[in-house]
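protein18.txt follows; it contains compact mmCIF, C-alpha atoms.
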# COMPACT_ATOMS: atom_id res chain seq x y z
CA MET Z 1 -92.04 72.05 25.36
CA LYS Z 2 -89.80 75.02 26.13
CA VAL Z 3 -86.84 74.32 28.41
CA GLN Z 4 -85.81 77.13 30.69
CA ARG Z 5 -82.11 77.50 31.63
CA ARG Z 6 -81.23 78.28 35.14
CA PRO Z 7 -79.41 81.57 35.92
CA THR Z 8 -76.34 79.65 36.96
CA GLU Z 9 -76.09 78.13 33.50
CA ASP Z 10 -76.26 81.59 31.88
CA GLY Z 11 -73.49 82.79 34.18
CA PHE Z 12 -71.31 79.80 33.32
CA VAL Z 13 -71.75 80.42 29.59
CA LEU Z 14 -70.90 84.11 30.00
CA ILE Z 15 -67.76 83.37 32.02
CA THR Z 16 -66.66 80.76 29.48
CA ALA Z 17 -67.15 83.22 26.64
CA LEU Z 18 -65.12 85.87 28.45
CA TRP Z 19 -62.28 83.42 29.06
CA LEU Z 20 -62.31 82.43 25.41
CA LEU Z 21 -62.15 86.10 24.39
CA LEU Z 22 -59.24 86.68 26.77
CA LEU Z 23 -57.46 83.59 25.43
CA CYS Z 24 -57.95 84.69 21.83
CA GLY Z 25 -56.72 88.17 22.67
CA SER Z 26 -53.62 86.79 24.36
CA VAL Z 27 -52.85 84.57 21.37
CA VAL Z 28 -53.24 87.51 18.98
CA ALA Z 29 -51.08 89.76 21.17
CA LEU Z 30 -48.37 87.09 21.47
CA THR Z 31 -48.38 86.50 17.72
CA MET Z 32 -48.11 90.24 17.03
CA ALA Z 33 -45.25 90.58 19.54
CA ARG Z 34 -43.39 87.68 17.96
CA ASN Z 35 -43.88 89.09 14.49
CA SER Z 36 -42.71 92.52 15.65
CA SER Z 37 -39.62 91.01 17.30
CA ARG Z 38 -38.85 88.97 14.19
CA ALA Z 39 -39.31 92.04 11.99
CA GLN Z 40 -36.85 93.96 14.17
CA VAL Z 41 -34.31 91.14 13.88
CA VAL Z 42 -34.71 91.13 10.10
CA ARG Z 43 -34.26 94.93 9.97
CA THR Z 44 -31.12 94.69 12.13
CA GLU Z 45 -29.68 91.93 9.97
CA ALA Z 46 -30.45 93.90 6.81
CA THR Z 47 -28.77 97.01 8.25
CA GLU Z 48 -25.65 95.06 9.24
CA LEU Z 49 -25.49 93.43 5.83
CA GLN Z 50 -25.77 96.81 4.10
CA GLN Z 51 -23.00 98.21 6.31
CA ARG Z 52 -20.70 95.28 5.49
CA LEU Z 53 -21.40 95.60 1.78
CA ASP Z 54 -20.65 99.33 1.95
CA PHE Z 55 -17.39 98.72 3.82
CA GLU Z 56 -16.30 96.06 1.35
CA ALA Z 57 -17.24 98.27 -1.62
CA ALA Z 58 -15.20 101.16 -0.18
CA ILE Z 59 -12.17 98.92 0.31
CA ASP Z 60 -12.56 97.52 -3.22
CA THR Z 61 -12.72 101.07 -4.59
CA ILE Z 62 -9.50 102.09 -2.82
CA VAL Z 63 -7.64 98.94 -3.84
CA ALA Z 64 -8.77 99.34 -7.46
CA ASP Z 65 -7.49 102.91 -7.44
CA LEU Z 66 -4.14 101.76 -6.03
CA VAL Z 67 -3.82 98.99 -8.61
CA VAL Z 68 -4.81 101.14 -11.58
CA GLN Z 69 -3.04 104.39 -10.68
CA GLY Z 70 -0.15 103.00 -8.67
CA PRO Z 71 1.99 105.73 -7.06
CA ALA Z 72 -0.25 108.39 -8.65
CA SER Z 73 -3.20 107.29 -6.50
CA PRO Z 74 -3.97 109.72 -3.67
CA TRP Z 75 -4.25 106.68 -1.40
CA ALA Z 76 -0.64 105.70 -2.18
CA GLN Z 77 0.72 108.54 -0.05
CA LEU Z 78 0.63 107.52 3.60
CA PRO Z 79 -0.94 108.42 5.88
CA SER Z 80 -3.96 109.45 3.84
CA GLU Z 81 -7.65 110.01 4.44
CA GLY Z 82 -10.69 111.07 2.52
CA PRO Z 83 -14.24 110.21 1.46
CA VAL Z 84 -15.42 107.23 -0.56
CA THR Z 85 -18.98 107.30 -1.86
CA VAL Z 86 -20.89 104.02 -2.23
CA ASP Z 87 -24.36 104.18 -3.82
CA GLY Z 88 -24.94 107.68 -2.48
CA ARG Z 89 -23.54 106.96 0.99
CA THR Z 90 -20.22 108.63 1.84
CA LEU Z 91 -17.79 106.80 4.10
CA HIS Z 92 -14.71 108.43 5.62
CA VAL Z 93 -11.51 106.40 5.32
CA ALA Z 94 -8.12 106.88 7.01
CA ILE Z 95 -5.15 104.74 5.91
CA SER Z 96 -1.77 104.22 7.57
CA SER Z 97 1.10 101.77 7.23
CA GLU Z 98 1.64 98.87 9.60
CA ALA Z 99 5.36 99.17 8.86
CA GLY Z 100 5.52 102.25 11.07
CA ARG Z 101 4.36 100.34 14.13
CA LEU Z 102 6.09 98.10 16.67
CA ASP Z 103 5.64 94.44 15.73
CA LEU Z 104 4.77 92.22 18.69
CA ASN Z 105 5.97 89.11 16.88
CA SER Z 106 9.11 90.35 15.14
CA GLY Z 107 10.05 93.61 16.83
CA ASP Z 108 13.23 94.01 18.85
CA ILE Z 109 12.22 93.70 22.50
CA ALA Z 110 14.66 96.37 23.69
CA THR Z 111 13.26 98.78 21.11
CA ILE Z 112 9.73 98.04 22.23
CA ASP Z 113 10.65 98.61 25.87
CA ARG Z 114 12.41 101.89 25.05
CA ALA Z 115 9.38 103.07 23.08
CA LEU Z 116 7.05 102.22 25.95
CA GLN Z 117 9.23 104.17 28.34
CA GLY Z 118 9.20 107.15 25.99
CA LEU Z 119 5.43 106.92 25.66
CA GLY Z 120 5.09 107.11 29.44
CA ALA Z 121 4.17 103.53 30.32
CA ALA Z 122 4.51 102.67 33.99
CA GLY Z 123 7.48 100.52 35.00
CA SER Z 124 5.24 97.68 36.19
CA ASP Z 125 3.36 97.69 32.87
CA ARG Z 126 6.61 97.58 30.92
CA ALA Z 127 7.92 94.66 32.99
CA ALA Z 128 4.71 92.66 32.56
CA PHE Z 129 4.66 93.47 28.86
CA ARG Z 130 8.24 92.36 28.31
CA THR Z 131 7.69 89.14 30.25
CA ALA Z 132 4.60 88.36 28.17
CA ILE Z 133 6.46 88.90 24.90
CA GLU Z 134 9.46 86.81 25.95
CA GLY Z 135 7.23 84.04 27.24
CA THR Z 136 5.06 83.92 24.13
CA ARG Z 137 7.79 84.19 21.52
CA ALA Z 138 9.66 81.03 22.45
CA ASP Z 139 8.75 77.65 23.86
CA GLY Z 140 11.98 75.70 23.79
CA LYS Z 141 13.09 75.77 20.16
CA ARG Z 142 9.59 76.34 18.79
CA PHE Z 143 8.67 79.90 17.88
CA MET Z 144 5.27 81.03 19.06
CA GLY Z 145 3.77 84.33 17.99
CA PHE Z 146 0.72 86.35 18.88
CA SER Z 147 -2.41 85.84 16.81
CA ASP Z 148 -4.39 88.42 18.79
CA ALA Z 149 -2.84 91.60 20.18
CA ALA Z 150 -5.68 92.48 22.55
CA PRO Z 151 -4.67 90.33 25.57
CA ILE Z 152 -1.09 91.60 25.77
CA LEU Z 153 -2.04 95.21 25.03
CA ALA Z 154 -4.44 95.01 27.97
CA LEU Z 155 -1.33 94.85 30.20
CA LEU Z 156 -0.52 98.47 29.35
CA HIS Z 157 -2.97 100.02 31.80
CA SER Z 158 -1.05 103.28 31.99
CA LEU Z 159 -1.29 104.05 28.25
CA PRO Z 160 -4.46 105.22 26.51
CA CYS Z 161 -5.22 103.04 23.50
CA PRO Z 162 -1.78 101.45 22.89
CA ALA Z 163 -3.12 99.53 19.86
CA ARG Z 164 -2.29 102.52 17.64
CA TRP Z 165 1.46 101.85 18.06
CA PHE Z 166 1.52 98.05 17.71
CA THR Z 167 0.98 95.52 14.97
CA LEU Z 168 1.24 91.80 14.31
CA TYR Z 169 1.77 92.12 10.58
CA SER Z 170 4.80 94.22 9.59
CA GLY Z 171 7.38 91.45 10.05
CA LEU Z 172 9.99 94.11 10.90
CA THR Z 173 12.39 94.15 13.84
CA GLN Z 174 12.38 97.96 13.77
CA PRO Z 175 9.55 100.24 12.62
CA ASP Z 176 10.11 101.93 9.27
CA GLU Z 177 11.05 105.45 10.37
CA THR Z 178 9.55 106.97 7.22
CA GLN Z 179 6.15 105.55 8.20
CA THR Z 180 6.32 106.14 11.97
CA ASP Z 181 4.09 108.82 13.45
CA ASP Z 182 5.63 111.73 15.34
CA GLU Z 183 4.71 110.57 18.84
CA LEU Z 184 6.20 107.11 18.44
CA ALA Z 185 9.31 108.52 16.72
CA ARG Z 186 9.96 110.84 19.67
CA ALA Z 187 9.31 108.03 22.15
CA MET Z 188 11.96 105.92 20.42
CA GLY Z 189 14.47 108.76 20.76
CA ARG Z 190 14.71 109.63 17.11
CA THR Z 191 15.98 113.15 16.70
CA GLY Z 192 16.08 115.45 13.71
CA SER Z 193 12.90 115.55 11.69
CA SER Z 194 9.97 115.07 14.02
CA GLY Z 195 7.48 114.93 11.18
CA PHE Z 196 8.10 112.70 8.20
CA GLY Z 197 4.95 113.81 6.41
CA ARG Z 198 3.24 111.71 3.78
CA GLN Z 199 5.42 109.05 2.21
CA PRO Z 200 4.87 106.76 -0.78
CA MET Z 201 3.36 103.39 0.06
CA LYS Z 202 5.87 100.56 -0.29
CA PRO Z 203 4.72 97.47 -2.24
CA GLY Z 204 3.55 94.62 -0.06
CA THR Z 205 3.21 96.77 3.07
CA PRO Z 206 0.16 95.89 5.20
CA LEU Z 207 -2.22 98.84 5.44
CA ARG Z 208 -4.50 99.76 8.33
CA LEU Z 209 -7.84 101.18 7.21
CA ASN Z 210 -10.25 102.90 9.59
CA LEU Z 211 -13.65 103.35 7.97
CA GLN Z 212 -16.54 105.41 9.32
CA HIS Z 213 -20.02 104.76 7.93
CA PRO Z 214 -22.46 107.70 7.75
CA ASP Z 215 -24.85 105.80 10.07
CA GLY Z 216 -22.19 105.90 12.82
CA SER Z 217 -20.85 102.35 12.54
CA SER Z 218 -17.14 101.77 11.99
CA LEU Z 219 -14.67 99.19 10.78
CA GLN Z 220 -10.96 98.65 11.30
CA THR Z 221 -9.27 96.32 8.87
CA ILE Z 222 -5.68 95.50 7.93
CA ILE Z 223 -5.06 94.42 4.35
CA ARG Z 224 -2.13 93.61 2.12
CA VAL Z 225 -2.61 94.80 -1.44
CA GLY Z 226 -1.58 92.28 -4.09
CA GLY Z 227 -2.59 88.96 -2.59
CA PRO Z 228 -1.62 85.76 -4.42
CA ASN Z 229 -5.11 84.96 -5.74
CA ARG Z 230 -7.01 88.22 -5.28
CA PRO Z 231 -6.37 91.99 -5.30
CA TYR Z 232 -5.79 92.04 -1.54
CA ASP Z 233 -5.63 89.80 1.52
CA VAL Z 234 -7.49 90.62 4.73
CA LEU Z 235 -5.24 90.16 7.79
CA HIS Z 236 -7.55 91.68 10.38
CA TRP Z 237 -11.24 92.67 10.45
CA ALA Z 238 -12.99 94.27 13.44
CA ARG Z 239 -16.38 96.00 13.46
CA SER Z 240 -15.07 98.88 15.55
CA ILE Z 241 -12.10 101.22 15.51
CA GLN Z 242 -9.79 100.61 18.46
CA CYS Z 243 -8.11 104.01 18.27
As structure tokens, what does this structure read like?
Amino acid sequence: MKVQRRPTEDGFVLITALWLLLLCGSVVALTMARNSSRAQVVRTEATELQQRLDFEAAIDTIVADLVVQGPASPWAQLPSEGPVTVDGRTLHVAISSEAGRLDLNSGDIATIDRALQGLGAAGSDRAAFRTAIEGTRADGKRFMGFSDAAPILALLHSLPCPARWFTLYSGLTQPDETQTDDELARAMGRTGSSGFGRQPMKPGTPLRLNLQHPDGSSLQTIIRVGGPNRPYDVLHWARSIQC
């Protein structure tokens, strides 16, 4: 005996099938979106890893040249800049000495204040800067130094990019005048030769390297060549160039 379905039953089956199709489509679309997002994350991670490997390879190349050639290395004359090719990718590198900068931990405070005045820092900035240095350097008899220059440099609102003139790593009370750039030398009131030109790198001097990757990314690192257990020690590493 043939059983006839009512029209309402046919409509219910059709609606159910449509909902199932929509549900399946949504699941497929969500899965594809998740896979696409994950693939993008993997590509980004791979790109960042390649950049880091290229930066490290460029630094290793420069340090090897300094160790092997010594004073004859073109990188041993500071400041210096030039290309370094890594697996077909050419990075641009600029190197300068931290010894030519004002040390926030060891530098003479009066010298720092005089330099800031010569550079054109506002009086209120200089006062806040000096107070911050004096307050951070000493806590009773216990010396306290800066481990990060960014917070105190942020006090110098009236100067564009003051990080180029300051360091945490030279250990000097006064910048080495043979490594000081022209603008800072004039700001400190040094007369006579306004341009010291390229000077031989002094052993043990921390070096600031600014590296530009051909894909547009950059790195600023400070190293000391001749570390105790490796060719160089990394003192600072930032995935952008401050100045």
Problem - Nearby residues (only C-alpha atoms) at most 7 Å from Pro214 in chain Z, same-chain spacing under 3 positions excluded, as a list in words - result: Arg89, Thr90 and Leu91 of chain Z
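Nearest to Trp165 in chain Z of all the residues Z:Asp108, Z:Asp182, Z:Glu48, Z:Glu134 is Z:Asp182, based on all atoms listed in the file.
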Could I get the residues of range 56-158 of chain Z with an atom no further than 12 Å from an atom of range 176-179 of chain Z, each paired with its nearest atom pair and that distance in Å to one decimal, using only C-alpha atoms, sorted by chain and residue number, as a tab-separated table?
residue	atom	partner	partner_atom	distance
Z:Gln77	CA	Z:Gln179	CA	10.3
Z:Leu78	CA	Z:Gln179	CA	7.5
Z:Pro79	CA	Z:Gln179	CA	8.0
Z:Ser80	CA	Z:Gln179	CA	11.7
Z:Ile95	CA	Z:Gln179	CA	11.6
Z:Ser96	CA	Z:Gln179	CA	8.1
Z:Ser97	CA	Z:Gln179	CA	6.4
Z:Glu98	CA	Z:Gln179	CA	8.2
Z:Ala99	CA	Z:Asp176	CA	5.5
Z:Gly100	CA	Z:Gln179	CA	4.4
Z:Arg101	CA	Z:Asp176	CA	7.7
Z:Leu102	CA	Z:Asp176	CA	9.3
Z:Asp103	CA	Z:Asp176	CA	10.9
Z:Gly107	CA	Z:Asp176	CA	11.2
Exercise for the section: Rank nothing, just name the residue among Z:Leu18, Z:Ala238, Z:Ala185, Z:Ala72 nearest to Pro200 in chain Z, using only C-alpha atoms. Expected result: Z:Ala72
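Taking CA of Ala76 in chain Z and CA of Gly189 in chain Z as endpoints, the distance between them is 27.6 Å.
Nearest residue to Val86 in chain Z, choosing from Z:Gly120, Z:Pro175, Z:His213, Z:Gln199 and counting only C-alpha atoms: Z:His213.
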Exercise for the section: Can you pull out every residue within 10 Å of Thr85 in chain Z, counting only C-alpha atoms, but drop anything in the same chain fewer than 5 positions away, and send it as number ranges by chain? Expected result: Z: 54, 57-58, 61, 90-92
Can you spit out the residues from that selection as a PDB file, in the frame of the given file, using C-alpha atoms?
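As a result, out_1.pdb now contains:
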ATOM      1  CA  ASP Z  54     -20.650  99.330   1.950  1.00  0.00           C
ATOM      2  CA  ALA Z  57     -17.240  98.270  -1.620  1.00  0.00           C
ATOM      3  CA  ALA Z  58     -15.200 101.160  -0.180  1.00  0.00           C
ATOM      4  CA  THR Z  61     -12.720 101.070  -4.590  1.00  0.00           C
ATOM      5  CA  THR Z  90     -20.220 108.630   1.840  1.00  0.00           C
ATOM      6  CA  LEU Z  91     -17.790 106.800   4.100  1.00  0.00           C
ATOM      7  CA  HIS Z  92     -14.710 108.430   5.620  1.00  0.00           C
TER       8      HIS Z  92
END
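Between CA of Phe166 in chain Z and CA of Ile109 in chain Z lies a distance of 12.5 Å.
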